[in-house]
file run.cif (mmCIF, C-alpha atoms and all ligand atoms)
data_model
#
loop_
_atom_site.label_atom_id
_atom_site.label_comp_id
_atom_site.auth_asym_id
_atom_site.auth_seq_id
_atom_site.Cartn_x
_atom_site.Cartn_y
_atom_site.Cartn_z
CA MET M 1 -26.87 36.43 -29.96
CA SER M 2 -27.24 33.86 -32.73
CA SER M 3 -29.35 30.72 -33.22
CA CYS M 4 -26.67 28.56 -31.53
CA ASN M 5 -26.46 30.90 -28.54
CA VAL M 6 -23.04 32.22 -29.35
CA SER M 7 -22.56 35.94 -29.09
CA TYR M 8 -21.09 37.34 -32.31
CA ASP M 9 -19.55 40.19 -30.32
CA GLU M 10 -17.82 37.69 -28.05
CA VAL M 11 -16.42 35.82 -31.06
CA LEU M 12 -15.25 39.14 -32.50
CA GLN M 13 -13.56 39.96 -29.21
CA SER M 14 -11.69 36.63 -29.37
CA PHE M 15 -10.73 37.47 -32.97
CA PHE M 16 -9.31 40.85 -31.88
CA GLU M 17 -7.14 39.22 -29.25
CA VAL M 18 -5.80 36.38 -31.37
CA ALA M 19 -5.30 38.61 -34.47
CA LYS M 20 -2.99 40.89 -32.47
CA ARG M 21 -0.92 37.92 -31.27
CA ALA M 22 -0.82 36.47 -34.77
CA GLY M 23 0.19 39.88 -36.16
CA THR M 24 3.10 40.06 -33.72
CA THR M 25 4.22 36.56 -34.74
CA ILE M 26 4.23 37.59 -38.40
CA LEU M 27 6.18 40.80 -37.71
CA ASN M 28 8.72 38.93 -35.60
CA ALA M 29 9.16 36.32 -38.33
CA THR M 30 9.72 39.11 -40.86
CA ASN M 31 12.27 40.84 -38.64
CA SER M 32 14.24 37.65 -38.09
CA GLN M 33 14.45 36.86 -41.81
CA THR M 34 17.85 37.18 -43.40
CA SER M 35 16.57 36.99 -46.97
CA SER M 36 13.04 37.43 -48.19
CA SER M 37 13.40 34.63 -50.68
CA THR M 38 14.34 31.96 -48.14
CA THR M 39 11.22 32.04 -46.01
CA TYR M 40 9.17 29.39 -47.64
CA LEU M 41 9.20 25.95 -46.21
CA ASP M 42 7.59 24.02 -48.97
CA THR M 43 5.33 24.11 -51.97
CA LYS M 44 1.93 22.44 -52.00
CA LYS M 45 0.35 21.48 -55.33
CA ASN M 46 2.91 23.34 -57.48
CA SER M 47 5.80 25.82 -57.35
CA ALA M 48 3.42 28.81 -57.05
CA ASP M 49 1.53 27.37 -54.05
CA LEU M 50 3.74 28.26 -51.09
CA VAL M 51 3.66 27.53 -47.38
CA THR M 52 6.00 28.86 -44.68
CA GLU M 53 6.83 27.93 -41.10
CA THR M 54 5.00 31.09 -40.10
CA ASP M 55 1.75 30.03 -41.85
CA LYS M 56 1.83 26.83 -39.79
CA ALA M 57 2.79 28.47 -36.51
CA VAL M 58 0.14 31.17 -36.86
CA GLU M 59 -2.59 28.66 -37.73
CA LYS M 60 -1.65 26.60 -34.67
CA LEU M 61 -1.79 29.70 -32.45
CA ILE M 62 -5.22 30.64 -33.83
CA SER M 63 -6.79 27.18 -33.70
CA THR M 64 -5.50 26.45 -30.19
CA THR M 65 -6.71 29.79 -28.88
CA LEU M 66 -10.15 29.68 -30.48
CA LEU M 67 -10.86 26.01 -29.79
CA SER M 68 -9.84 26.30 -26.14
CA LYS M 69 -12.52 28.97 -25.78
CA TYR M 70 -15.09 27.22 -28.03
CA PRO M 71 -14.26 23.49 -27.74
CA THR M 72 -17.42 22.27 -29.47
CA PHE M 73 -16.92 24.37 -32.60
CA LYS M 74 -15.24 23.14 -35.76
CA PHE M 75 -12.13 24.59 -37.32
CA MET M 76 -11.26 24.79 -41.02
CA GLY M 77 -7.83 26.26 -41.65
CA GLU M 78 -5.76 26.46 -44.82
CA GLU M 79 -2.77 24.59 -43.43
CA THR M 80 -4.64 21.71 -41.77
CA TYR M 81 -7.51 21.24 -44.25
CA LYS M 82 -8.00 17.67 -45.48
CA PRO M 83 -9.14 17.79 -49.12
CA GLY M 84 -12.77 16.80 -49.51
CA THR M 85 -13.81 17.72 -45.95
CA PRO M 86 -17.23 19.36 -46.37
CA LEU M 87 -18.37 22.45 -44.53
CA ASP M 88 -21.55 21.58 -42.60
CA ASP M 89 -24.04 23.64 -40.57
CA SER M 90 -21.97 23.50 -37.34
CA PRO M 91 -20.46 26.66 -35.92
CA THR M 92 -17.11 26.70 -37.73
CA PHE M 93 -14.06 28.92 -37.61
CA ILE M 94 -12.73 29.34 -41.16
CA VAL M 95 -9.22 30.76 -41.05
CA ASP M 96 -6.35 31.71 -43.29
CA PRO M 97 -3.32 32.37 -41.04
CA ILE M 98 -1.52 34.28 -43.80
CA ASP M 99 -3.58 35.28 -46.80
CA GLY M 100 -1.03 36.49 -49.27
CA THR M 101 1.71 33.95 -48.53
CA THR M 102 3.44 34.76 -51.82
CA ASN M 103 3.57 38.43 -50.82
CA PHE M 104 4.87 37.41 -47.39
CA VAL M 105 7.66 35.34 -48.95
CA HIS M 106 8.66 38.22 -51.23
CA GLY M 107 8.46 40.89 -48.54
CA HIS M 108 5.52 42.60 -50.27
CA PRO M 109 3.34 44.08 -47.51
CA TYR M 110 -0.11 43.10 -48.83
CA VAL M 111 -0.66 40.30 -46.33
CA SER M 112 -3.49 39.54 -43.93
CA ILE M 113 -4.68 37.27 -41.17
CA ALA M 114 -8.24 36.29 -42.14
CA LEU M 115 -10.48 35.09 -39.32
CA GLY M 116 -13.98 34.00 -40.27
CA PHE M 117 -16.81 32.37 -38.35
CA ALA M 118 -19.64 30.59 -40.17
CA LEU M 119 -22.98 29.39 -38.88
CA GLU M 120 -25.20 27.21 -41.04
CA GLN M 121 -22.60 27.72 -43.77
CA LYS M 122 -22.98 31.50 -43.81
CA SER M 123 -20.27 33.93 -42.78
CA VAL M 124 -21.42 35.83 -39.67
CA VAL M 125 -18.26 37.23 -38.08
CA GLY M 126 -15.11 38.31 -39.90
CA LEU M 127 -11.84 40.06 -39.14
CA VAL M 128 -9.03 40.78 -41.59
CA PHE M 129 -5.80 42.25 -40.22
CA ASN M 130 -2.73 43.39 -42.12
CA PRO M 131 0.07 43.52 -39.52
CA TYR M 132 2.39 45.51 -41.83
CA THR M 133 0.00 48.45 -42.26
CA GLY M 134 -1.89 47.93 -38.98
CA ILE M 135 -5.18 48.14 -40.88
CA MET M 136 -7.90 45.96 -39.41
CA TYR M 137 -11.33 45.36 -40.96
CA TYR M 138 -14.11 43.58 -39.08
CA ALA M 139 -17.84 42.91 -39.11
CA THR M 140 -20.56 40.93 -37.39
CA LYS M 141 -23.88 40.04 -38.95
CA GLY M 142 -26.21 42.96 -38.32
CA GLY M 143 -23.44 45.00 -36.65
CA GLY M 144 -22.01 46.79 -39.67
CA ALA M 145 -18.50 46.68 -41.12
CA TRP M 146 -15.64 48.73 -39.71
CA LYS M 147 -12.03 49.67 -40.27
CA LYS M 148 -9.51 50.84 -37.70
CA VAL M 149 -5.75 51.21 -37.61
CA LEU M 150 -3.43 49.77 -34.97
CA GLU M 151 0.27 50.12 -34.38
CA PRO M 152 2.72 47.86 -32.57
CA THR M 153 3.76 49.05 -29.13
CA GLY M 154 7.17 47.39 -29.43
CA ASP M 155 6.60 44.93 -26.59
CA GLY M 156 4.47 42.48 -28.57
CA ASP M 157 1.19 44.33 -28.13
CA TRP M 158 -0.76 46.79 -30.32
CA LYS M 159 -2.39 50.14 -29.64
CA LEU M 160 -5.03 52.08 -31.52
CA ARG M 161 -3.69 54.60 -34.02
CA ASN M 162 -6.92 55.64 -35.78
CA GLU M 163 -10.46 55.32 -34.39
CA ARG M 164 -12.81 53.04 -36.24
CA VAL M 165 -14.72 54.25 -39.30
CA LYS M 166 -17.78 52.62 -40.81
CA LEU M 167 -17.62 50.98 -44.23
CA PRO M 168 -18.08 51.86 -46.98
CA ILE M 169 -16.05 55.02 -46.71
CA GLY M 170 -17.94 57.94 -48.22
CA GLU M 171 -21.23 57.92 -50.05
CA PRO M 172 -21.17 55.14 -52.66
CA SER M 173 -21.96 56.27 -56.19
CA ALA M 174 -24.29 54.44 -58.56
CA PHE M 175 -22.72 52.22 -61.22
CA ALA M 176 -22.79 53.58 -64.73
CA GLY M 177 -21.26 50.62 -66.55
CA LEU M 178 -18.16 48.47 -66.29
CA ASP M 179 -16.08 51.01 -68.19
CA GLY M 180 -16.02 53.21 -65.09
CA THR M 181 -14.78 50.53 -62.70
CA MET M 182 -11.56 49.42 -61.02
CA VAL M 183 -11.44 45.61 -60.93
CA ALA M 184 -9.33 43.32 -58.73
CA VAL M 185 -8.30 40.01 -60.30
CA GLU M 186 -5.79 37.37 -59.19
CA TRP M 187 -3.48 34.91 -60.87
CA GLY M 188 -3.95 32.31 -58.12
CA SER M 189 -1.79 29.20 -58.20
CA ASP M 190 -3.67 27.10 -60.82
CA ARG M 191 -1.89 27.95 -64.05
CA SER M 192 -3.13 25.41 -66.58
CA GLY M 193 -6.11 24.13 -68.51
CA SER M 194 -9.47 25.78 -69.02
CA ASN M 195 -9.51 27.58 -65.66
CA TRP M 196 -6.35 29.49 -66.53
CA GLN M 197 -7.55 30.07 -70.10
CA THR M 198 -10.86 31.46 -68.82
CA LYS M 199 -9.00 33.93 -66.61
CA VAL M 200 -6.62 35.08 -69.33
CA ASN M 201 -9.37 35.44 -71.95
CA THR M 202 -11.57 37.32 -69.50
CA TRP M 203 -8.77 39.71 -68.44
CA ASN M 204 -8.21 40.40 -72.12
CA ARG M 205 -11.92 41.22 -72.60
CA LEU M 206 -12.09 43.37 -69.47
CA GLY M 207 -9.19 45.57 -70.48
CA ARG M 208 -9.70 45.75 -74.23
CA SER M 209 -11.28 48.78 -75.91
CA LYS M 210 -15.01 48.75 -76.52
CA ASP M 211 -14.71 49.00 -80.30
CA GLU M 212 -12.83 45.69 -80.15
CA GLY M 213 -15.56 44.06 -78.04
CA GLY M 214 -14.01 44.68 -74.61
CA ALA M 215 -15.33 46.31 -71.44
CA MET M 216 -12.43 48.79 -71.19
CA VAL M 217 -12.53 48.95 -67.39
CA HIS M 218 -10.51 51.81 -65.89
CA SER M 219 -7.84 49.40 -64.65
CA ALA M 220 -7.14 46.12 -62.88
CA ARG M 221 -5.26 45.38 -59.66
CA CYS M 222 -3.73 42.05 -58.67
CA LEU M 223 -2.62 42.46 -55.09
CA GLY M 224 -2.29 38.89 -53.84
CA SER M 225 -4.70 38.56 -50.92
CA ALA M 226 -8.31 37.56 -51.53
CA ALA M 227 -9.32 38.72 -48.04
CA LEU M 228 -7.84 42.20 -48.55
CA ASN M 229 -9.40 42.41 -52.01
CA LEU M 230 -12.83 41.83 -50.44
CA CYS M 231 -12.09 44.52 -47.85
CA ALA M 232 -11.05 46.93 -50.61
CA VAL M 233 -14.43 46.34 -52.27
CA ALA M 234 -16.16 46.75 -48.89
CA GLU M 235 -14.28 50.01 -48.37
CA GLY M 236 -15.22 51.12 -51.90
CA HIS M 237 -11.87 51.95 -53.49
CA VAL M 238 -12.06 48.83 -55.65
CA ASP M 239 -15.41 48.35 -57.38
CA ILE M 240 -15.31 44.66 -58.27
CA TYR M 241 -13.25 41.60 -57.35
CA TRP M 242 -13.39 38.49 -59.53
CA GLU M 243 -11.56 35.24 -58.88
CA GLY M 244 -11.73 31.51 -59.38
CA GLY M 245 -9.64 29.06 -57.38
CA CYS M 246 -9.50 30.58 -53.93
CA TRP M 247 -10.88 28.70 -50.96
CA ALA M 248 -13.39 29.20 -48.14
CA TRP M 249 -10.63 30.44 -45.79
CA ASP M 250 -9.64 33.11 -48.32
CA VAL M 251 -13.17 34.56 -48.49
CA CYS M 252 -15.09 33.72 -45.28
CA ALA M 253 -13.82 36.66 -43.19
CA GLY M 254 -14.03 39.20 -46.00
CA TRP M 255 -17.48 38.03 -47.08
CA ILE M 256 -19.34 39.34 -44.03
CA ILE M 257 -17.25 42.55 -44.13
CA LEU M 258 -18.31 42.99 -47.76
CA THR M 259 -22.01 42.33 -47.24
CA GLU M 260 -22.26 44.37 -44.01
CA ALA M 261 -20.76 47.23 -46.03
CA GLY M 262 -23.58 46.87 -48.56
CA GLY M 263 -21.68 44.84 -51.14
CA ILE M 264 -22.86 41.64 -52.80
CA MET M 265 -21.18 38.33 -53.60
CA ALA M 266 -22.33 36.58 -56.78
CA ASP M 267 -21.19 33.57 -58.78
CA GLY M 268 -17.78 33.95 -60.46
CA ASN M 269 -19.09 31.87 -63.36
CA PRO M 270 -21.71 33.25 -65.72
CA PRO M 271 -25.14 31.54 -65.67
CA SER M 272 -24.79 28.35 -67.71
CA ASP M 273 -28.48 27.55 -67.95
CA GLY M 274 -30.01 31.00 -67.72
CA ASN M 275 -30.21 30.71 -63.91
CA GLU M 276 -28.51 33.68 -62.29
CA ARG M 277 -26.85 32.68 -59.01
CA TRP M 278 -27.06 35.42 -56.41
CA GLU M 279 -26.55 33.05 -53.45
CA ILE M 280 -23.44 30.90 -53.56
CA PRO M 281 -21.85 28.70 -50.90
CA ILE M 282 -18.70 29.84 -49.06
CA THR M 283 -16.94 26.83 -50.57
CA HIS M 284 -17.95 27.72 -54.15
CA ARG M 285 -14.39 28.70 -55.22
CA LYS M 286 -15.61 31.11 -57.95
CA TYR M 287 -16.55 34.54 -56.68
CA LEU M 288 -17.63 37.94 -57.97
CA ALA M 289 -17.83 40.69 -55.34
CA VAL M 290 -19.36 44.09 -56.08
CA ARG M 291 -19.24 47.17 -53.83
CA ALA M 292 -22.17 49.01 -52.27
CA ALA M 293 -24.04 51.23 -54.68
CA PRO M 294 -27.42 52.96 -54.66
CA GLY M 295 -28.24 51.23 -57.94
CA GLY M 296 -26.89 48.96 -60.62
CA GLN M 297 -25.15 46.25 -58.57
CA LYS M 298 -26.92 43.35 -60.28
CA GLU M 299 -26.67 45.01 -63.70
CA THR M 300 -22.92 45.35 -63.12
CA VAL M 301 -22.66 41.65 -62.28
CA LYS M 302 -24.62 40.74 -65.41
CA GLU M 303 -22.45 43.01 -67.55
CA PHE M 304 -19.35 41.36 -66.03
CA TRP M 305 -20.73 37.86 -66.67
CA GLY M 306 -21.16 38.90 -70.31
CA HIS M 307 -17.39 39.37 -70.56
CA ILE M 308 -16.37 36.04 -69.00
CA GLU M 309 -14.95 33.89 -71.76
CA GLY M 310 -15.14 30.29 -70.61
CA TRP M 311 -16.06 28.40 -67.49
CA MET M 312 -14.19 27.64 -64.26
CA GLU M 313 -14.38 24.32 -62.40
CA TYR M 314 -12.42 23.62 -59.20
CA GLU M 315 -12.35 20.61 -56.91
CA HIS M 316 -13.14 20.84 -53.21
C1 LIG J 401 -4.16 33.12 -51.93
C2 LIG J 401 -4.40 34.60 -52.04
C3 LIG J 401 -4.41 35.00 -53.49
C4 LIG J 401 -5.43 34.24 -54.29
C5 LIG J 401 -5.24 32.76 -54.12
C6 LIG J 401 -5.24 32.38 -52.65
P1 LIG J 401 -2.85 32.26 -49.76
O1 LIG J 401 -4.18 32.73 -50.57
O2 LIG J 401 -5.62 34.95 -51.45
O3 LIG J 401 -4.76 36.36 -53.60
O4 LIG J 401 -5.27 34.55 -55.64
O5 LIG J 401 -6.31 32.12 -54.78
O6 LIG J 401 -5.04 31.00 -52.53
O7 LIG J 401 -2.37 31.03 -50.43
O8 LIG J 401 -1.89 33.38 -49.87
O9 LIG J 401 -3.34 32.03 -48.40
#
call {"tool": "encode", "arguments": {"input": "run.cif", "output": "structure tokens", "more": "lines below"}}
Ligand code: IPD
result
Amino acid sequence: MSSCNVSYDEVLQSFFEVAKRAGTTILNATNSQTSSSTTYLDTKKNSADLVTETDKAVEKLISTTLLSKYPTFKFMGEETYKPGTPLDDSPTFIVDPIDGTTNFVHGHPYVSIALGFALEQKSVVGLVFNPYTGIMYYATKGGGAWKKVLEPTGDGDWKLRNERVKLPIGEPSAFAGLDGTMVAVEWGSDRSGSNWQTKVNTWNRLGRSKDEGGAMVHSARCLGSAALNLCAVAEGHVDIYWEGGCWAWDVCAGWIILTEAGGIMADGNPPSDGNERWEIPITHRKYLAVRAAPGGQKETVKEFWGHIEGWMEYEH
């Protein structure tokens, strides 16, 4: 039970139910498609920022379901967000109906429904569900982070395929420097100016050999869903995820899954004034997630910050 008398387990239960319905909607939309490239309805700020009928329908399904059960709570969803609306301390559902819309449009199966619940601006319940693989991640504050696998029954419902396992999977190893890490990065949809330049310059530094001043990380992955990237870090098969430009609905659900799995979320910008930021708001839009480790998490963040070339600034 939380400070506002809502049971996190009850919210999670509601998330399970609505995620399965949303997953079925996404699968049905995929099955009825005639061509993967015709799905998108519109672009938002530019030609790389896509929205589909399914994004809108799934958000409507989720908001209607959750708000009918919790009518006094607020709802912040990607498709209905009014720019500039602040997140306040109220109990708030923060939802991305399809995280990975570009993947969805192209038929690439790295797509998720990201259901987050924030109290006093902190993520306390999260569920991330990929309907194509059936993999579902979830966590409640203090309740640990978990992964299970579902499969469609064929009549619109889902059944359990693999029992839940606790995250992270396996015993996390200590960090021994950035050069032993797998890093997730993302292009995002902002492709100009100093934000884009910072990303490109930093990717160059991360990959480049050490004798040329780089970090020479093992490799980078760019999979197209912020929520699933956070779950990959929570699970432990990606060590670090760095991105600027994504929104609260992209990270809220995955955030609590990450931290309940022992990971940390730091500032995606390096300290500008010598002040290291280990606590950032959900709406920060610049994130650096690091997996659980018995030692070296903060040192890894600091080493990463040392390779960021530039500074990212995004509007709210
Ligand atoms: C996007 C994805 C992508 C990230 C973008 C997000 P959307 O969300 O999470 O991985 O790079 O910043 O906006 O638009 O597919 O819901």
call {"tool": "residues_near_ligand", "arguments": {"input": "run.cif", "ligand": "ligand LIG 401 (chain J)", "cutoff": "7 Å", "atoms": "all atoms listed in the file", "output": "PyMOL selection string"}}
result
chain M and resi 49-50+96+98-102+186-189+223-227+245-247+250
call {"tool": "residues_around", "arguments": {"input": "run.cif", "residues": "Ala114 (chain M)", "least_positions_apart": "4", "cutoff": "12 Å", "atoms": "all atoms listed in the file", "output": "number ranges by chain"}}
result
M: 15-16, 18-20, 22-23, 55, 58-59, 62, 76-78, 93-100, 125-131, 136-138, 225-231, 247-257
call {"tool": "atom_distance", "arguments": {"input": "run.cif", "atom1": "CA of Pro91 (chain M)", "atom2": "CA of Thr25 (chain M)"}}
result
26.6 Å
call {"tool": "closest_residue", "arguments": {"input": "run.cif", "among": "M:Asn5, M:Lys60, M:Gly156, M:Glu79", "to": "Arg21 (chain M)", "atoms": "all atoms listed in the file"}}
result
M:Gly156
call {"tool": "atom_distance", "arguments": {"input": "run.cif", "atom1": "CA of Ala289 (chain M)", "atom2": "CA of Tyr241 (chain M)"}}
result
5.1 Å
call {"tool": "closest_residue", "arguments": {"input": "run.cif", "among": "M:Arg164, M:Val124, M:Trp196, M:Leu178", "to": "Gly142 (chain M)", "atoms": "only C-alpha atoms"}}
result
M:Val124
call {"tool": "atom_distance", "arguments": {"input": "run.cif", "atom1": "CA of Tyr81 (chain M)", "atom2": "CA of Thr64 (chain M)"}}
result
15.1 Å
call {"tool": "closest_atom_pairs", "arguments": {"input": "run.cif", "of": "region 96-118 of chain M", "to": "region 26-30 of chain M", "cutoff": "12 Å", "atoms": "only C-alpha atoms", "output": "Markdown table"}}
result
| residue | atom | partner | partner_atom | distance |
| --- | --- | --- | --- | --- |
| M:Pro97 | CA | M:Ile26 | CA | 9.6 |
| M:Ile98 | CA | M:Ile26 | CA | 8.6 |
| M:Asp99 | CA | M:Ile26 | CA | 11.7 |
| M:Thr101 | CA | M:Ile26 | CA | 11.1 |
| M:Asn103 | CA | M:Thr30 | CA | 11.7 |
| M:Phe104 | CA | M:Thr30 | CA | 8.3 |
| M:Val105 | CA | M:Thr30 | CA | 9.2 |
| M:His106 | CA | M:Thr30 | CA | 10.5 |
| M:Gly107 | CA | M:Thr30 | CA | 8.0 |
| M:His108 | CA | M:Thr30 | CA | 10.9 |
| M:Pro109 | CA | M:Thr30 | CA | 10.5 |
| M:Val111 | CA | M:Ile26 | CA | 9.7 |
| M:Ser112 | CA | M:Ile26 | CA | 9.7 |
| M:Ile113 | CA | M:Ile26 | CA | 9.3 |
call {"tool": "closest_residue", "arguments": {"input": "run.cif", "among": "M:Ser32, M:Gln297, M:Gln197, M:Ser272", "to": "Asp239 (chain M)", "atoms": "only C-alpha atoms"}}
result
M:Gln297
call {"tool": "residues_near_point", "arguments": {"input": "run.cif", "point": "(-15.2, 53.2, -64.0)", "cutoff": "12 Å", "atoms": "all atoms listed in the file", "output": "PyMOL selection string"}}
result
chain M and resi 173-183+206-207+215-220+237-240+300
call {"tool": "write_last_selection", "arguments": {"input": "run.cif", "atoms": "C-alpha atoms", "output": "tab-separated table (two decimals), keeping the file's coordinate frame"}}
result
chain	number	residue	atom	x	y	z
M	173	SER	CA	-21.96	56.27	-56.19
M	174	ALA	CA	-24.29	54.44	-58.56
M	175	PHE	CA	-22.72	52.22	-61.22
M	176	ALA	CA	-22.79	53.58	-64.73
M	177	GLY	CA	-21.26	50.62	-66.55
M	178	LEU	CA	-18.16	48.47	-66.29
M	179	ASP	CA	-16.08	51.01	-68.19
M	180	GLY	CA	-16.02	53.21	-65.09
M	181	THR	CA	-14.78	50.53	-62.70
M	182	MET	CA	-11.56	49.42	-61.02
M	183	VAL	CA	-11.44	45.61	-60.93
M	206	LEU	CA	-12.09	43.37	-69.47
M	207	GLY	CA	-9.19	45.57	-70.48
M	215	ALA	CA	-15.33	46.31	-71.44
M	216	MET	CA	-12.43	48.79	-71.19
M	217	VAL	CA	-12.53	48.95	-67.39
M	218	HIS	CA	-10.51	51.81	-65.89
M	219	SER	CA	-7.84	49.40	-64.65
M	220	ALA	CA	-7.14	46.12	-62.88
M	237	HIS	CA	-11.87	51.95	-53.49
M	238	VAL	CA	-12.06	48.83	-55.65
M	239	ASP	CA	-15.41	48.35	-57.38
M	240	ILE	CA	-15.31	44.66	-58.27
M	300	THR	CA	-22.92	45.35	-63.12
call {"tool": "closest_residue", "arguments": {"input": "run.cif", "among": "M:Glu235, M:Glu315, M:Glu303, M:Glu243", "to": "Gly263 (chain M)", "atoms": "only C-alpha atoms"}}
result
M:Glu235
call {"tool": "residues_around", "arguments": {"input": "run.cif", "residues": "Asn201 (chain M)", "least_positions_apart": "3", "cutoff": "10 Å", "atoms": "all atoms listed in the file", "output": "VMD selection string"}}
result
chain M and resid 196 to 198 204 to 206 307 to 310
call {"tool": "closest_residue", "arguments": {"input": "run.cif", "among": "M:Gly296, M:Ser47, M:Ser7, M:Gly134", "to": "Lys159 (chain M)", "atoms": "only C-alpha atoms"}}
result
M:Gly134
call {"tool": "closest_residue", "arguments": {"input": "run.cif", "among": "M:Pro281, M:Gly295, M:Gly116, M:Gly306", "to": "Leu87 (chain M)", "atoms": "all atoms listed in the file"}}
result
M:Pro281
call {"tool": "residues_around", "arguments": {"input": "run.cif", "residues": "Glu313 (chain M)", "least_positions_apart": "6", "cutoff": "10 Å", "atoms": "only C-alpha atoms", "output": "list in words"}}
result
Ser194, Asn195, Gly244, Gly245, Asn269, His284, Arg285 and Lys286 of chain M
call {"tool": "residues_around", "arguments": {"input": "run.cif", "residues": "Asp267 (chain M)", "least_positions_apart": "6", "cutoff": "6 Å", "atoms": "only C-alpha atoms", "output": "ChimeraX atom specification"}}
result
/M:277,287-288
